[in-house]
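Pasted below: coords_13.pdb, PDB, C-alpha atoms.
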ATOM      1  CA  MET N 223      -2.413  20.349  28.526
ATOM      2  CA  SER N 224      -2.722  16.626  28.143
ATOM      3  CA  LEU N 225      -3.532  14.021  25.580
ATOM      4  CA  LYS N 226      -7.195  13.708  24.665
ATOM      5  CA  THR N 227      -9.243  10.817  23.455
ATOM      6  CA  VAL N 228      -9.749  11.277  19.740
ATOM      7  CA  PRO N 229     -13.507  11.872  19.242
ATOM      8  CA  SER N 230     -15.416   8.849  18.043
ATOM      9  CA  ASP N 231     -17.229  10.736  15.282
ATOM     10  CA  TRP N 232     -13.888  11.919  13.894
ATOM     11  CA  HIS N 233     -12.602   8.327  14.075
ATOM     12  CA  ARG N 234     -15.627   6.983  12.347
ATOM     13  CA  ASP N 235     -15.681   9.504   9.524
ATOM     14  CA  VAL N 236     -11.945   9.317   8.823
ATOM     15  CA  VAL N 237     -12.077   5.512   8.767
ATOM     16  CA  ALA N 238     -15.031   5.680   6.371
ATOM     17  CA  VAL N 239     -13.067   7.910   3.984
ATOM     18  CA  LEU N 240      -9.925   5.773   4.248
ATOM     19  CA  ARG N 241     -11.917   2.639   3.550
ATOM     20  CA  THR N 242     -12.827   3.989   0.107
ATOM     21  CA  ASP N 243      -9.160   4.208  -0.983
ATOM     22  CA  ASP N 244     -10.499   7.016  -3.188
ATOM     23  CA  SER N 245      -7.588   9.154  -4.296
ATOM     24  CA  ARG N 246      -9.871  12.170  -4.775
ATOM     25  CA  ALA N 247     -11.108  11.983  -1.194
ATOM     26  CA  ILE N 248      -7.772  11.068   0.371
ATOM     27  CA  ARG N 249      -5.204  13.723  -0.411
ATOM     28  CA  TYR N 250      -1.554  13.812   0.591
ATOM     29  CA  THR N 251       0.723  16.758   0.937
ATOM     30  CA  ASP N 252       3.859  16.453  -1.151
ATOM     31  CA  ASP N 253       5.895  16.500   2.051
ATOM     32  CA  ALA N 254       3.811  13.818   3.777
ATOM     33  CA  TRP N 255       4.213  11.277   0.997
ATOM     34  CA  LYS N 256       7.917  12.027   0.524
ATOM     35  CA  ARG N 257       8.596  11.425   4.201
ATOM     36  CA  PHE N 258       6.539   8.237   4.296
ATOM     37  CA  GLU N 259       8.213   6.920   1.137
ATOM     38  CA  ALA N 260      11.638   7.711   2.534
ATOM     39  CA  THR N 261      10.944   5.433   5.501
ATOM     40  CA  PHE N 262       9.018   2.699   3.706
ATOM     41  CA  PRO N 263      10.077   2.739   0.048
ATOM     42  CA  ASP N 264       8.176  -0.477  -0.745
ATOM     43  CA  ALA N 265       4.849   0.624   0.775
ATOM     44  CA  PHE N 266       1.791   1.796  -1.105
ATOM     45  CA  ARG N 267      -1.132   3.992  -0.103
ATOM     46  CA  SER N 268      -3.351   1.014   0.590
ATOM     47  CA  ASP N 269      -0.840  -0.242   3.174
ATOM     48  CA  LEU N 270      -0.837   3.079   4.973
ATOM     49  CA  HIS N 271      -4.616   3.453   4.815
ATOM     50  CA  ALA N 272      -4.991   0.016   6.398
ATOM     51  CA  ALA N 273      -2.616   0.988   9.225
ATOM     52  CA  PHE N 274      -4.498   4.225   9.834
ATOM     53  CA  ARG N 275      -7.817   2.372   9.870
ATOM     54  CA  THR N 276      -6.495  -0.118  12.395
ATOM     55  CA  ALA N 277      -5.268   2.660  14.679
ATOM     56  CA  LEU N 278      -8.433   4.701  14.369
ATOM     57  CA  ARG N 279     -10.725   1.771  15.115
ATOM     58  CA  ASP N 280      -9.303   1.832  18.633
ATOM     59  CA  ASP N 281     -11.754   3.866  20.697
ATOM     60  CA  THR N 282      -9.071   4.533  23.291
ATOM     61  CA  LEU N 283      -6.722   6.216  20.809
ATOM     62  CA  VAL N 284      -5.394   9.458  22.237
ATOM     63  CA  GLY N 285      -3.890  12.425  20.470
ATOM     64  CA  CYS N 286      -3.993  16.178  20.200
ATOM     65  CA  PRO N 287      -6.381  18.448  18.345
ATOM     66  CA  VAL N 288      -4.408  20.734  16.072
ATOM     67  CA  GLU N 289      -5.655  24.292  16.305
ATOM     68  CA  MET N 290      -5.317  25.991  12.952
ATOM     69  CA  LYS N 291      -7.023  29.056  11.549
ATOM     70  CA  THR N 292      -6.902  27.378   8.166
ATOM     71  CA  PRO N 293      -7.529  24.995   6.527
ATOM     72  CA  PRO N 294     -11.188  24.455   7.412
ATOM     73  CA  GLY N 295     -11.912  21.162   9.081
ATOM     74  CA  GLU N 296     -10.791  19.212  12.106
ATOM     75  CA  THR N 297      -7.201  18.042  12.479
ATOM     76  CA  TRP N 298      -5.776  15.563  14.981
ATOM     77  CA  GLU N 299      -2.271  14.295  15.536
ATOM     78  CA  PHE N 300      -1.560  10.953  17.133
ATOM     79  CA  TYR N 301       0.831   8.034  17.142
ATOM     80  CA  PHE N 302       0.117   4.842  15.290
ATOM     81  CA  SER N 303       1.924   1.670  14.329
ATOM     82  CA  PHE N 304       3.105   0.664  10.877
ATOM     83  CA  ARG N 305       5.034  -2.576  10.372
ATOM     84  CA  GLY N 306       5.961  -2.577  14.013
ATOM     85  CA  ARG N 307       7.266   0.979  14.004
ATOM     86  CA  ARG N 308       5.781   3.899  15.848
ATOM     87  CA  LEU N 309       4.798   6.672  13.488
ATOM     88  CA  TYR N 310       3.453  10.175  13.910
ATOM     89  CA  GLY N 311       0.193  10.781  12.076
ATOM     90  CA  LYS N 312      -1.629  14.034  11.388
ATOM     91  CA  ILE N 313      -4.888  14.043   9.481
ATOM     92  CA  LEU N 314      -7.357  16.754   8.539
ATOM     93  CA  LEU N 315     -11.012  15.810   8.158
ATOM     94  CA  ARG N 316     -12.665  18.226   5.717
ATOM     95  CA  PRO N 317     -15.739  20.155   6.926
ATOM     96  CA  ASP N 318     -18.115  18.085   4.762
ATOM     97  CA  ARG N 319     -16.550  14.986   6.383
ATOM     98  CA  SER N 320     -16.128  13.263   3.032
ATOM     99  CA  GLY N 321     -12.462  13.964   2.486
ATOM    100  CA  VAL N 322      -9.185  13.946   4.384
ATOM    101  CA  VAL N 323      -5.748  15.465   3.951
ATOM    102  CA  ILE N 324      -2.856  13.433   5.275
ATOM    103  CA  PHE N 325      -0.230  15.844   6.544
ATOM    104  CA  SER N 326       2.060  13.350   8.238
ATOM    105  CA  ALA N 327       2.839   9.654   8.437
ATOM    106  CA  HIS N 328       6.453   9.337   9.424
ATOM    107  CA  PRO N 329       8.687   8.486  12.398
ATOM    108  CA  PRO N 330       8.237  11.092  15.158
ATOM    109  CA  LEU N 331      10.501  14.105  14.839
ATOM    110  CA  LYS N 332       9.701  15.367  18.349
ATOM    111  CA  ASP N 333       9.507  13.625  21.696
ATOM    112  CA  LYS N 334       5.918  14.613  22.386
ATOM    113  CA  LEU N 335       2.703  15.620  20.699
ATOM    114  CA  ILE N 336       1.742  19.297  20.959
ATOM    115  CA  CYS N 337      -0.669  18.818  23.866
ATOM    116  CA  GLU N 338       1.434  16.435  25.961
TER     117      GLU N 338
ATOM    118  CA  MET I 254     -12.801  22.120  19.009
ATOM    119  CA  ASN I 255     -10.672  23.247  16.126
ATOM    120  CA  ILE I 256     -13.392  23.603  13.552
ATOM    121  CA  THR I 257     -13.126  26.756  11.514
ATOM    122  CA  GLU I 258     -15.472  28.271   9.024
ATOM    123  CA  PRO I 259     -14.898  27.356   5.402
ATOM    124  CA  ASN I 260     -13.205  30.173   3.563
ATOM    125  CA  THR I 261     -13.561  31.211  -0.032
ATOM    126  CA  ASN I 262     -10.700  29.558  -1.837
ATOM    127  CA  PRO I 263      -8.997  31.313  -4.699
ATOM    128  CA  GLU I 264      -8.692  29.545  -8.037
ATOM    129  CA  PRO I 265      -6.689  26.360  -7.516
ATOM    130  CA  ARG I 266      -3.134  26.589  -8.774
ATOM    131  CA  ILE I 267      -2.046  23.377 -10.423
ATOM    132  CA  GLU I 268       1.335  22.827 -11.989
ATOM    133  CA  GLN I 269       3.820  20.125 -12.834
ATOM    134  CA  ARG I 270       6.561  19.816 -10.266
ATOM    135  CA  ALA I 271       9.549  17.583  -9.785
ATOM    136  CA  TYR I 272       9.157  14.485  -7.624
ATOM    137  CA  GLU I 273      11.561  11.636  -6.957
ATOM    138  CA  VAL I 274       9.952   8.227  -6.512
ATOM    139  CA  SER I 275      11.722   6.013  -3.977
ATOM    140  CA  ILE I 276      12.397   2.514  -5.282
ATOM    141  CA  PRO I 277      13.099  -0.114  -2.617
ATOM    142  CA  SER I 278      15.925  -2.609  -2.499
ATOM    143  CA  ALA I 279      15.043  -6.237  -3.224
ATOM    144  CA  ASP I 280      14.257  -6.953   0.434
ATOM    145  CA  GLY I 281      12.107  -3.840   0.638
ATOM    146  CA  GLU I 282      13.965  -2.603   3.672
ATOM    147  CA  SER I 283      15.957   0.226   2.206
ATOM    148  CA  LEU I 284      16.124   2.648  -0.673
ATOM    149  CA  ALA I 285      17.722   1.312  -3.847
ATOM    150  CA  TYR I 286      17.445   4.377  -6.042
ATOM    151  CA  LYS I 287      15.138   7.238  -6.958
ATOM    152  CA  VAL I 288      13.298   7.881 -10.190
ATOM    153  CA  PRO I 289      12.717  11.523 -11.127
ATOM    154  CA  LEU I 290       9.247  12.394 -12.386
ATOM    155  CA  MET I 291       7.289  15.510 -13.203
ATOM    156  CA  VAL I 292       3.880  15.217 -11.557
ATOM    157  CA  TRP I 293       0.867  17.467 -11.162
ATOM    158  CA  MET I 294       0.555  19.149  -7.809
ATOM    159  CA  GLU I 295      -2.039  21.529  -6.479
ATOM    160  CA  TRP I 296      -1.174  24.465  -4.264
ATOM    161  CA  ASP I 297      -3.568  24.638  -1.330
ATOM    162  CA  ALA I 298      -3.474  28.202  -0.087
ATOM    163  CA  THR I 299      -5.316  27.296   3.109
ATOM    164  CA  ILE I 300      -2.632  24.787   4.049
ATOM    165  CA  ASN I 301       0.280  26.586   2.427
ATOM    166  CA  GLU I 302       1.495  23.312   1.021
ATOM    167  CA  TRP I 303       1.528  21.453  -2.261
ATOM    168  CA  LEU I 304      -0.932  18.575  -2.454
ATOM    169  CA  LEU I 305      -0.262  15.653  -4.761
ATOM    170  CA  THR I 306      -3.118  15.333  -7.230
ATOM    171  CA  PRO I 307      -4.819  11.922  -7.549
ATOM    172  CA  GLU I 308      -3.165  11.567 -10.954
ATOM    173  CA  ALA I 309       0.229  12.271  -9.393
ATOM    174  CA  MET I 310      -0.285   9.638  -6.706
ATOM    175  CA  ASP I 311      -1.328   7.105  -9.339
ATOM    176  CA  GLU I 312       1.727   7.899 -11.430
ATOM    177  CA  ILE I 313       4.086   7.738  -8.458
ATOM    178  CA  GLU I 314       2.740   4.354  -7.379
ATOM    179  CA  ALA I 315       2.663   2.970 -10.922
ATOM    180  CA  THR I 316       6.302   3.973 -11.373
ATOM    181  CA  LYS I 317       7.242   2.350  -8.081
ATOM    182  CA  ALA I 318       5.353  -0.838  -8.935
ATOM    183  CA  ARG I 319       6.927  -1.016 -12.382
ATOM    184  CA  HIS I 320      10.436  -0.663 -10.985
ATOM    185  CA  MET I 321       9.643  -3.289  -8.325
ATOM    186  CA  GLY I 322       8.517  -5.664 -11.066
ATOM    187  CA  LEU I 323       4.982  -5.912  -9.704
ATOM    188  CA  LEU I 324       2.273  -6.953 -12.111
ATOM    189  CA  THR I 325      -0.174  -4.199 -12.984
ATOM    190  CA  ALA I 326      -3.898  -4.511 -12.316
ATOM    191  CA  ASP I 327      -4.473  -5.182 -16.026
ATOM    192  CA  GLU I 328      -1.801  -7.880 -16.112
ATOM    193  CA  ILE I 329      -3.318  -9.548 -13.058
ATOM    194  CA  ARG I 330      -6.794  -9.582 -14.600
ATOM    195  CA  THR I 331      -5.413 -10.817 -17.933
ATOM    196  CA  LEU I 332      -3.570 -13.642 -16.156
ATOM    197  CA  ARG I 333      -6.740 -14.804 -14.424
ATOM    198  CA  GLU I 334      -8.758 -14.605 -17.628
ATOM    199  CA  ARG I 335      -6.118 -16.598 -19.481
ATOM    200  CA  LEU I 336      -6.304 -19.277 -16.790
ATOM    201  CA  LYS I 337     -10.122 -19.211 -17.057
ATOM    202  CA  LEU I 338     -10.514 -18.960 -13.309
ATOM    203  CA  THR I 339     -12.759 -16.810 -11.162
ATOM    204  CA  GLN I 340     -11.468 -14.267  -8.698
ATOM    205  CA  ALA I 341     -12.599 -16.566  -5.878
ATOM    206  CA  HIS I 342     -10.629 -19.467  -7.353
ATOM    207  CA  MET I 343      -7.490 -17.381  -7.622
ATOM    208  CA  ALA I 344      -7.868 -16.219  -4.032
ATOM    209  CA  GLU I 345      -8.296 -19.810  -2.893
ATOM    210  CA  LEU I 346      -5.232 -21.012  -4.818
ATOM    211  CA  LEU I 347      -3.039 -18.276  -3.403
ATOM    212  CA  LYS I 348      -4.580 -18.573   0.060
ATOM    213  CA  ILE I 349      -5.425 -14.918   0.248
ATOM    214  CA  GLY I 350      -8.601 -13.170   1.342
ATOM    215  CA  ALA I 351     -11.528 -13.283  -1.052
ATOM    216  CA  LYS I 352     -11.481  -9.530  -1.574
ATOM    217  CA  THR I 353      -7.748  -9.228  -1.981
ATOM    218  CA  TRP I 354      -7.649 -10.545  -5.538
ATOM    219  CA  THR I 355     -10.462  -8.170  -6.482
ATOM    220  CA  ARG I 356      -8.534  -5.276  -5.008
ATOM    221  CA  TRP I 357      -5.468  -6.287  -7.034
ATOM    222  CA  GLU I 358      -7.501  -6.334 -10.237
ATOM    223  CA  THR I 359      -8.975  -2.926  -9.526
ATOM    224  CA  GLY I 360      -5.593  -1.492  -8.626
ATOM    225  CA  LYS I 361      -6.694  -0.554  -5.116
ATOM    226  CA  GLN I 362      -4.054  -2.802  -3.643
ATOM    227  CA  ARG I 363      -0.913  -4.431  -4.931
ATOM    228  CA  PRO I 364       0.462  -7.899  -4.254
ATOM    229  CA  SER I 365       3.473  -8.227  -1.997
ATOM    230  CA  GLN I 366       6.755  -8.960  -3.702
ATOM    231  CA  SER I 367       6.523 -12.578  -2.503
ATOM    232  CA  LEU I 368       3.075 -13.141  -3.953
ATOM    233  CA  ASN I 369       4.106 -11.283  -7.071
ATOM    234  CA  LEU I 370       6.736 -13.978  -7.611
ATOM    235  CA  LEU I 371       4.004 -16.620  -7.624
ATOM    236  CA  LEU I 372       1.975 -14.546 -10.062
ATOM    237  CA  ARG I 373       5.007 -14.210 -12.328
ATOM    238  CA  ALA I 374       5.527 -17.959 -12.172
ATOM    239  CA  LEU I 375       1.915 -18.475 -13.225
ATOM    240  CA  GLN I 376       2.244 -15.860 -15.919
ATOM    241  CA  CYS I 377       5.390 -17.484 -17.322
ATOM    242  CA  GLU I 378       3.703 -20.909 -17.127
ATOM    243  CA  ILE I 379       6.459 -22.450 -15.029
ATOM    244  CA  LEU I 380       3.761 -22.959 -12.399
ATOM    245  CA  THR I 381       0.226 -24.092 -13.154
ATOM    246  CA  PRO I 382      -2.949 -23.686 -11.095
ATOM    247  CA  TYR I 383      -2.984 -27.469 -10.718
ATOM    248  CA  MET I 384       0.511 -27.490  -9.236
ATOM    249  CA  LEU I 385      -0.405 -24.626  -6.960
ATOM    250  CA  LYS I 386      -3.484 -26.476  -5.750
ATOM    251  CA  GLN I 387      -1.455 -29.613  -5.054
ATOM    252  CA  LEU I 388       1.192 -27.655  -3.197
ATOM    253  CA  GLY I 389      -1.433 -25.811  -1.194
ATOM    254  CA  ALA I 390      -3.135 -28.946   0.050
ATOM    255  CA  SER I 391      -2.552 -29.926   3.651
ATOM    256  CA  GLN I 392       0.258 -32.422   3.661
ATOM    257  CA  VAL I 393       3.458 -32.947   5.517
ATOM    258  CA  ASP I 394       5.548 -33.599   2.453
ATOM    259  CA  TRP I 395       4.551 -31.836  -0.741
ATOM    260  CA  THR I 396       7.202 -33.541  -2.867
ATOM    261  CA  PRO I 397       4.926 -36.412  -4.091
ATOM    262  CA  ALA I 398       2.280 -33.879  -5.050
ATOM    263  CA  LEU I 399       4.787 -31.885  -6.990
ATOM    264  CA  ALA I 400       6.172 -35.028  -8.559
ATOM    265  CA  ALA I 401       2.711 -35.951  -9.749
ATOM    266  CA  SER I 402       2.349 -32.678 -11.519
ATOM    267  CA  VAL I 403       5.789 -32.443 -13.040
ATOM    268  CA  GLU I 404       7.405 -35.085 -15.186
ATOM    269  CA  MET I 405       9.840 -37.047 -13.098
ATOM    270  CA  THR I 406      12.577 -36.634 -15.640
ATOM    271  CA  GLN I 407      12.176 -32.910 -15.801
ATOM    272  CA  PRO I 408      14.452 -31.098 -13.384
ATOM    273  CA  ILE I 409      13.115 -28.209 -11.420
ATOM    274  CA  THR I 410      14.886 -25.228 -12.792
ATOM    275  CA  LEU I 411      16.182 -22.620 -10.424
ATOM    276  CA  PRO I 412      13.429 -20.117 -11.251
ATOM    277  CA  LEU I 413      10.736 -22.671 -10.393
ATOM    278  CA  ALA I 414      12.514 -23.828  -7.249
ATOM    279  CA  PHE I 415      12.881 -20.240  -6.175
ATOM    280  CA  SER I 416       9.237 -19.478  -6.825
ATOM    281  CA  LEU I 417       8.279 -22.438  -4.662
ATOM    282  CA  GLY I 418      10.578 -21.380  -1.877
ATOM    283  CA  VAL I 419      12.994 -24.226  -2.525
ATOM    284  CA  ILE I 420      16.305 -22.434  -2.648
ATOM    285  CA  GLY I 421      18.885 -24.431  -4.542
ATOM    286  CA  SER I 422      22.611 -23.948  -4.642
ATOM    287  CA  GLY I 423      23.132 -25.076  -8.215
ATOM    288  CA  GLU I 424      21.743 -24.155 -11.570
ATOM    289  CA  GLU I 425      19.360 -27.070 -11.540
ATOM    290  CA  MET I 426      17.808 -29.106  -8.792
ATOM    291  CA  PRO I 427      16.873 -32.632  -9.872
ATOM    292  CA  LEU I 428      13.492 -33.590  -8.499
ATOM    293  CA  ALA I 429      14.145 -37.300  -8.330
ATOM    294  CA  SER I 430      17.465 -38.923  -7.547
TER     295      SER I 430
END
For this file, produce the structure as structure tokens.
Amino acid sequence: MSLKTVPSDWHRDVVAVLRTDDSRAIRYTDDAWKRFEATFPDAFRSDLHAAFRTALRDDTLVGCPVEMKTPPGETWEFYFSFRGRRLYGKILLRPDRSGVVIFSAHPPLKDKLICE
Amino acid sequence: MNITEPNTNPEPRIEQRAYEVSIPSADGESLAYKVPLMVWMEWDATINEWLLTPEAMDEIEATKARHMGLLTADEIRTLRERLKLTQAHMAELLKIGAKTWTRWETGKQRPSQSLNLLLRALQCEILTPYMLKQLGASQVDWTPALAASVEMTQPITLPLAFSLGVIGSGEEMPLAS
């Protein structure tokens, strides 16, 4: 397997959700926010959303699709930059494409993404 | 593509669970301490993980902001209204993007700790919009501008000097020798 270009429609729809900063549309797992906070204790959601938007506006962004039986939707993992640090990101786009779940936004715990 | 069919979710399970909010050190680089909270979380059976509810996220961030000494959205709006300035004027004075002030007032974004210091200085009236405008004007030496807006005999106190980025070594820093 190898890294894939993250689909442009996924990019576009995730960026559109993140741009709203709507806490009902952008959900975090307990674990995701704890890990992010542990690394950047002075950061807020809006800072992270901006970093995600910047990364996802890059049409050449590569990552891995995450195959999961559940939850419904489309999940990708990828690397992105936050305050000059490389972070691992994993986001689920809900099937109606109007909501996301942020699973991960923390320094990489493994050397490679699942499809590398 | 990893798109699966939506399943029929059981009734959402929501309960209050313990969370520890990370409060940063003064430079923002490291953890200073943690504040324990009970927040509402929702069990998502399709993910097998707890999701923070929107209310929980708001509470976590409000707690963090309070411990960092950041002005709340209400305090920021009240400050502007007290100064009788528009959002555009405030953005211009602080040299920030036009939408940034609006996002502060709506709570969608928070000021950095540096800008928060300026806001505090305005709130405490040790800095006025006029002084800020003078200091923000293009000039090599801002001292005459500051002198024009502060009585010559009045020393710049350490809090004011600090808010302006003039770090003094003593308790007071005389403006004029």
Quick check on the file I pasted: which residues fall under the ChimeraX specification (/I :<9) & /N? Write them as a VMD selection string. chain N and resid 243 to 253 255 to 256 259 to 269 287 to 297 317 323
Residues of the last selection are to be written out with C-alpha atoms, as a PDB file, in the coordinates of the input.
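The resulting file, again-v9.pdb, is shown below:
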ATOM      1  CA  ASP N 243      -9.160   4.208  -0.983  1.00  0.00           C
ATOM      2  CA  ASP N 244     -10.499   7.016  -3.188  1.00  0.00           C
ATOM      3  CA  SER N 245      -7.588   9.154  -4.296  1.00  0.00           C
ATOM      4  CA  ARG N 246      -9.871  12.170  -4.775  1.00  0.00           C
ATOM      5  CA  ALA N 247     -11.108  11.983  -1.194  1.00  0.00           C
ATOM      6  CA  ILE N 248      -7.772  11.068   0.371  1.00  0.00           C
ATOM      7  CA  ARG N 249      -5.204  13.723  -0.411  1.00  0.00           C
ATOM      8  CA  TYR N 250      -1.554  13.812   0.591  1.00  0.00           C
ATOM      9  CA  THR N 251       0.723  16.758   0.937  1.00  0.00           C
ATOM     10  CA  ASP N 252       3.859  16.453  -1.151  1.00  0.00           C
ATOM     11  CA  ASP N 253       5.895  16.500   2.051  1.00  0.00           C
ATOM     12  CA  TRP N 255       4.213  11.277   0.997  1.00  0.00           C
ATOM     13  CA  LYS N 256       7.917  12.027   0.524  1.00  0.00           C
ATOM     14  CA  GLU N 259       8.213   6.920   1.137  1.00  0.00           C
ATOM     15  CA  ALA N 260      11.638   7.711   2.534  1.00  0.00           C
ATOM     16  CA  THR N 261      10.944   5.433   5.501  1.00  0.00           C
ATOM     17  CA  PHE N 262       9.018   2.699   3.706  1.00  0.00           C
ATOM     18  CA  PRO N 263      10.077   2.739   0.048  1.00  0.00           C
ATOM     19  CA  ASP N 264       8.176  -0.477  -0.745  1.00  0.00           C
ATOM     20  CA  ALA N 265       4.849   0.624   0.775  1.00  0.00           C
ATOM     21  CA  PHE N 266       1.791   1.796  -1.105  1.00  0.00           C
ATOM     22  CA  ARG N 267      -1.132   3.992  -0.103  1.00  0.00           C
ATOM     23  CA  SER N 268      -3.351   1.014   0.590  1.00  0.00           C
ATOM     24  CA  ASP N 269      -0.840  -0.242   3.174  1.00  0.00           C
ATOM     25  CA  PRO N 287      -6.381  18.448  18.345  1.00  0.00           C
ATOM     26  CA  VAL N 288      -4.408  20.734  16.072  1.00  0.00           C
ATOM     27  CA  GLU N 289      -5.655  24.292  16.305  1.00  0.00           C
ATOM     28  CA  MET N 290      -5.317  25.991  12.952  1.00  0.00           C
ATOM     29  CA  LYS N 291      -7.023  29.056  11.549  1.00  0.00           C
ATOM     30  CA  THR N 292      -6.902  27.378   8.166  1.00  0.00           C
ATOM     31  CA  PRO N 293      -7.529  24.995   6.527  1.00  0.00           C
ATOM     32  CA  PRO N 294     -11.188  24.455   7.412  1.00  0.00           C
ATOM     33  CA  GLY N 295     -11.912  21.162   9.081  1.00  0.00           C
ATOM     34  CA  GLU N 296     -10.791  19.212  12.106  1.00  0.00           C
ATOM     35  CA  THR N 297      -7.201  18.042  12.479  1.00  0.00           C
ATOM     36  CA  PRO N 317     -15.739  20.155   6.926  1.00  0.00           C
ATOM     37  CA  VAL N 323      -5.748  15.465   3.951  1.00  0.00           C
TER      38      VAL N 323
END
With 6 Å added on each side, what axis-aligned box encloses every listed atom of stretch 366-379 of chain I? Give the centre and edge lengths in Å to one decimal, as lines of an AutoDock Vina configuration file.
center_x = 4.3
center_y = -15.7
center_z = -9.9
size_x = 16.8
size_y = 25.5
size_z = 26.8
Using the chain letters and numbering of this document, enumerate as an mmCIF file with C-alpha atoms, in the frame of the given file the residues selected by the PyMOL selection byres ((chain N and resi 227) around 7).
data_model
loop_
_atom_site.group_PDB
_atom_site.id
_atom_site.type_symbol
_atom_site.label_atom_id
_atom_site.label_comp_id
_atom_site.auth_asym_id
_atom_site.auth_seq_id
_atom_site.Cartn_x
_atom_site.Cartn_y
_atom_site.Cartn_z
ATOM 1 C CA LEU N 225 -3.532 14.021 25.580
ATOM 2 C CA LYS N 226 -7.195 13.708 24.665
ATOM 3 C CA VAL N 228 -9.749 11.277 19.740
ATOM 4 C CA PRO N 229 -13.507 11.872 19.242
ATOM 5 C CA THR N 282 -9.071 4.533 23.291
ATOM 6 C CA LEU N 283 -6.722 6.216 20.809
ATOM 7 C CA VAL N 284 -5.394 9.458 22.237
ATOM 8 C CA GLY N 285 -3.890 12.425 20.470
#
So which residues get picked by the PyMOL selection byres ((chain N and resi 233) around 9) here, written as a list in words? Val228, Pro229, Ser230, Asp231, Trp232, Arg234, Asp235, Val236, Val237, Ala238, Arg275, Leu278, Arg279, Asp280 and Asp281 of chain N
I:Trp293, I:Leu372, I:Thr355, I:Leu347: which is nearest I:Leu323, counting only C-alpha atoms?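 Closest candidate: I:Leu372.
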For atom CA of I:Val292 and atom CA of I:Arg330, the interatomic separation in Å (one decimal): 27.2 Å
Write out as number ranges by chain which residues come within 9 Å of I:Ala344 when counting only C-alpha atoms, dropping same-chain ones fewer than 6 positions away. I: 350-355
Quick check, in Å to one decimal: how far apart do atom CA of I:Gln269 and atom CA of I:Leu290 lie? 9.5 Å
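Reported to one decimal place, the separation of atom CA of I:Leu388 from atom CA of I:Leu332 is 19.7 Å.
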